[in-house]
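Enquirer: Just passing along the structure, written as structure tokens.
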2 protein chains.
Amino acid sequence: MGEAGQENQNLERNIADLCREFGLRLTGPRRIIMQVLSDSSDHPDVVELHRRVTAIEPTISLATVYRTVNLLREKGVLERHTFGDGRARYETTPREHHDHLIDVETGGVIEFHSEEIERLQEEIARKHGFTIVSHRLEIYVRPLKRSRT
Amino acid sequence: MGEAGQENQNLERNIADLCREFGLRLTGPRRIIMQVLSDSSDHPDVVELHRRVTAIEPTISLATVYRTVNLLREKGVLERHTFGDGRARYETTPREHHDHLIDVETGGVIEFHSEEIERLQEEIARKHGFTIVSHRLEIYVRPLKRSRT
DNA sequence: ATCTCAGATGCGTCGCATTCGCAAAAAACA
DNA sequence: TGTTTTTTGCGAATGCGACGCATCTGAGAT
């Protein structure tokens, strides 16, 4: 009978709660988009998200993905990044802030956090007479090669 | 008759050397664009650069500014940044690396450098098995307001 | 279960920043 | 000065993202 909602029942519930909390409607497209988002541990851009979403439900439009992603960002559910290239990439807001190591050879993204760097940033801002609104630290890296490859 | 090339003769020479070095032709537009660039201590975007350039020579097209700026970036003469907003902003590559504090209220950019943060970044990269290719640290800030203005 | 309607969607279009193609103009060089 | 190759200007094209509008739909009221 019901849909295939078996193991991700709690996930579904979370999405439902989320919508209710923000006064949003729990629509088919939204359900799927949010689903895809929480299944994505990487940092997909909107077109990639749309690809994944339409693999599940081909009628969902790119515009809706854009709108949903913006909505969720406004609500603080998603974070937007722009690594070098022009396009925006998203990740579900982590409970703990982190920065990114980007492998320039593979495009892979590794998350890290340094309390020490954070503290130094605060210090620098204060020293200049500012408070930090947000920040962005991206380290573009290349694997340490040992001898031969 | 002659141009106004009086005090910046050495600059002109630098530009000429630069072109020769890279096998580029020393053209009128290039001369002016490079001129404007070295006279700019802020971080102008391409449209702003074009504005400044056309104030000197109105026939220079936006496309040429884009092309020149890309060329100089490839050659390592310029650095490109993208602070939040969509457009790219440029600065002549500084001899000493620095990062940026961006005042979100005014859009103003302040440069800073922290040897300590640099060192921590190295450490983090190494710990993950990488070497740093480049990095980017932007701190978005707001002025500390004291009691009343 | 049905009605109602504000909110959501799909589609096509628009705007902005940037790039491209091509013919004309300008450097470098003989 | 003539020849060759690079640059330029112009306008059109691209890519990302946002928007307007007619249509559709979720979810509370009936």
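In the structure tokens, chains take the letters A, B, ... in the order shown, each chain's residues start at 1, and ligands count up from 1 in the order shown.
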Would you kindly report the residues of chain A within 12 Å of chain C, using only C-alpha atoms (C1' of nucleotides), as an mmCIF file with N, CA, C and O atoms, in the first residue's frame?

Expert:
```cif
data_model
loop_
_atom_site.group_PDB
_atom_site.id
_atom_site.type_symbol
_atom_site.label_atom_id
_atom_site.label_comp_id
_atom_site.auth_asym_id
_atom_site.auth_seq_id
_atom_site.Cartn_x
_atom_site.Cartn_y
_atom_site.Cartn_z
ATOM 1 N N GLY A 23 5.990 26.973 8.524
ATOM 2 C CA GLY A 23 4.763 27.334 7.829
ATOM 3 C C GLY A 23 4.843 27.091 6.333
ATOM 4 O O GLY A 23 4.280 27.820 5.532
ATOM 5 N N LEU A 24 5.579 26.053 5.957
ATOM 6 C CA LEU A 24 5.692 25.711 4.548
ATOM 7 C C LEU A 24 4.850 24.479 4.258
ATOM 8 O O LEU A 24 4.626 23.647 5.130
ATOM 9 N N ARG A 25 4.423 24.388 3.032
ATOM 10 C CA ARG A 25 3.629 23.217 2.681
ATOM 11 C C ARG A 25 4.530 22.037 2.361
ATOM 12 O O ARG A 25 5.555 22.187 1.696
ATOM 13 N N LEU A 26 4.091 20.900 2.807
ATOM 14 C CA LEU A 26 4.848 19.687 2.525
ATOM 15 C C LEU A 26 4.417 19.154 1.170
ATOM 16 O O LEU A 26 3.481 18.359 1.067
ATOM 17 N N THR A 27 5.080 19.600 0.147
ATOM 18 C CA THR A 27 4.681 19.221 -1.213
ATOM 19 C C THR A 27 5.568 18.097 -1.732
ATOM 20 O O THR A 27 6.637 17.827 -1.182
ATOM 21 N N GLY A 28 5.102 17.488 -2.813
ATOM 22 C CA GLY A 28 5.871 16.402 -3.412
ATOM 23 C C GLY A 28 7.281 16.827 -3.770
ATOM 24 O O GLY A 28 8.252 16.212 -3.322
ATOM 25 N N PRO A 29 7.414 17.878 -4.576
ATOM 26 C CA PRO A 29 8.756 18.340 -4.947
ATOM 27 C C PRO A 29 9.626 18.628 -3.737
ATOM 28 O O PRO A 29 10.790 18.223 -3.684
ATOM 29 N N ARG A 30 9.055 19.304 -2.757
ATOM 30 C CA ARG A 30 9.849 19.632 -1.581
ATOM 31 C C ARG A 30 10.319 18.385 -0.852
ATOM 32 O O ARG A 30 11.453 18.308 -0.394
ATOM 33 N N PRO A 58 10.947 13.095 -12.570
ATOM 34 C CA PRO A 58 11.441 13.855 -13.722
ATOM 35 C C PRO A 58 10.708 15.169 -13.991
ATOM 36 O O PRO A 58 11.218 15.990 -14.751
ATOM 37 N N THR A 59 9.572 15.380 -13.394
ATOM 38 C CA THR A 59 8.808 16.584 -13.728
ATOM 39 C C THR A 59 9.231 17.805 -12.924
ATOM 40 O O THR A 59 8.786 18.916 -13.198
ATOM 41 N N ILE A 60 10.058 17.608 -11.914
ATOM 42 C CA ILE A 60 10.428 18.735 -11.060
ATOM 43 C C ILE A 60 11.358 19.683 -11.808
ATOM 44 O O ILE A 60 12.356 19.269 -12.389
ATOM 45 N N SER A 61 11.029 20.951 -11.782
ATOM 46 C CA SER A 61 11.766 21.921 -12.595
ATOM 47 C C SER A 61 12.965 22.502 -11.867
ATOM 48 O O SER A 61 13.025 22.518 -10.638
ATOM 49 N N LEU A 62 13.895 22.987 -12.667
ATOM 50 C CA LEU A 62 15.097 23.594 -12.118
ATOM 51 C C LEU A 62 14.739 24.784 -11.228
ATOM 52 O O LEU A 62 15.325 24.987 -10.164
ATOM 53 N N ALA A 63 13.761 25.548 -11.667
ATOM 54 C CA ALA A 63 13.358 26.731 -10.905
ATOM 55 C C ALA A 63 12.920 26.355 -9.500
ATOM 56 O O ALA A 63 13.213 27.066 -8.534
ATOM 57 N N THR A 64 12.232 25.258 -9.378
ATOM 58 C CA THR A 64 11.772 24.826 -8.062
ATOM 59 C C THR A 64 12.936 24.444 -7.169
ATOM 60 O O THR A 64 12.931 24.717 -5.973
ATOM 61 N N VAL A 65 13.939 23.834 -7.753
ATOM 62 C CA VAL A 65 15.122 23.493 -6.966
ATOM 63 C C VAL A 65 15.780 24.783 -6.481
ATOM 64 O O VAL A 65 16.116 24.910 -5.311
ATOM 65 N N TYR A 66 15.910 25.744 -7.373
ATOM 66 C CA TYR A 66 16.467 27.039 -6.965
ATOM 67 C C TYR A 66 15.649 27.638 -5.829
ATOM 68 O O TYR A 66 16.183 28.098 -4.829
ATOM 69 N N ARG A 67 14.355 27.649 -5.995
ATOM 70 C CA ARG A 67 13.508 28.268 -4.975
ATOM 71 C C ARG A 67 13.605 27.547 -3.642
ATOM 72 O O ARG A 67 13.710 28.183 -2.587
ATOM 73 N N THR A 68 13.593 26.241 -3.698
ATOM 74 C CA THR A 68 13.628 25.462 -2.459
ATOM 75 C C THR A 68 14.936 25.667 -1.725
ATOM 76 O O THR A 68 14.984 25.856 -0.511
ATOM 77 N N GLY A 86 32.068 29.835 -10.434
ATOM 78 C CA GLY A 86 30.983 30.754 -10.165
ATOM 79 C C GLY A 86 29.815 30.159 -9.412
ATOM 80 O O GLY A 86 29.181 30.827 -8.606
#
```

Enquirer: Which chain B residues are at most 10 Å from chain A (counting only C-alpha atoms), as a VMD selection string?

Expert: chain B and resid 80 to 84 86 to 88 99 101 to 104 110 112 to 114 116 to 122 124 to 126 128 to 145

Enquirer: Select all residues from chain D having any atom no more than 12 Å from an atom of chain A (counting only C-alpha atoms (C1' of nucleotides), ignoring ligands), output as a compact mmCIF listing (two decimals) with C-alpha atoms (C1' of nucleotides), in the first residue's frame.

Expert:
```
# COMPACT_ATOMS: atom_id res chain seq x y z
C1' DG D 15 25.62 30.38 -17.84
C1' DC D 16 23.73 31.07 -13.43
C1' DG D 17 20.11 32.56 -11.05
C1' DA D 18 15.67 35.15 -10.37
C1' DC D 19 10.98 36.42 -11.76
C1' DC D 24 -2.06 23.22 -9.74
C1' DT D 25 -2.29 21.47 -5.01
C1' DG D 26 -1.92 20.77 0.11
C1' DA D 27 -4.43 21.22 4.14
```

Enquirer: How many Å separate atom CA of A:Arg31 from atom CA of A:His100?

Expert: 28.3 Å

Enquirer: Could you pull out the strand (DSSP E) residues of stretch 51-104 of chain B, going by DSSP on the backbone, and write them as a PyMOL selection string?

Expert: chain B and resi 78-81+89-92+99-103
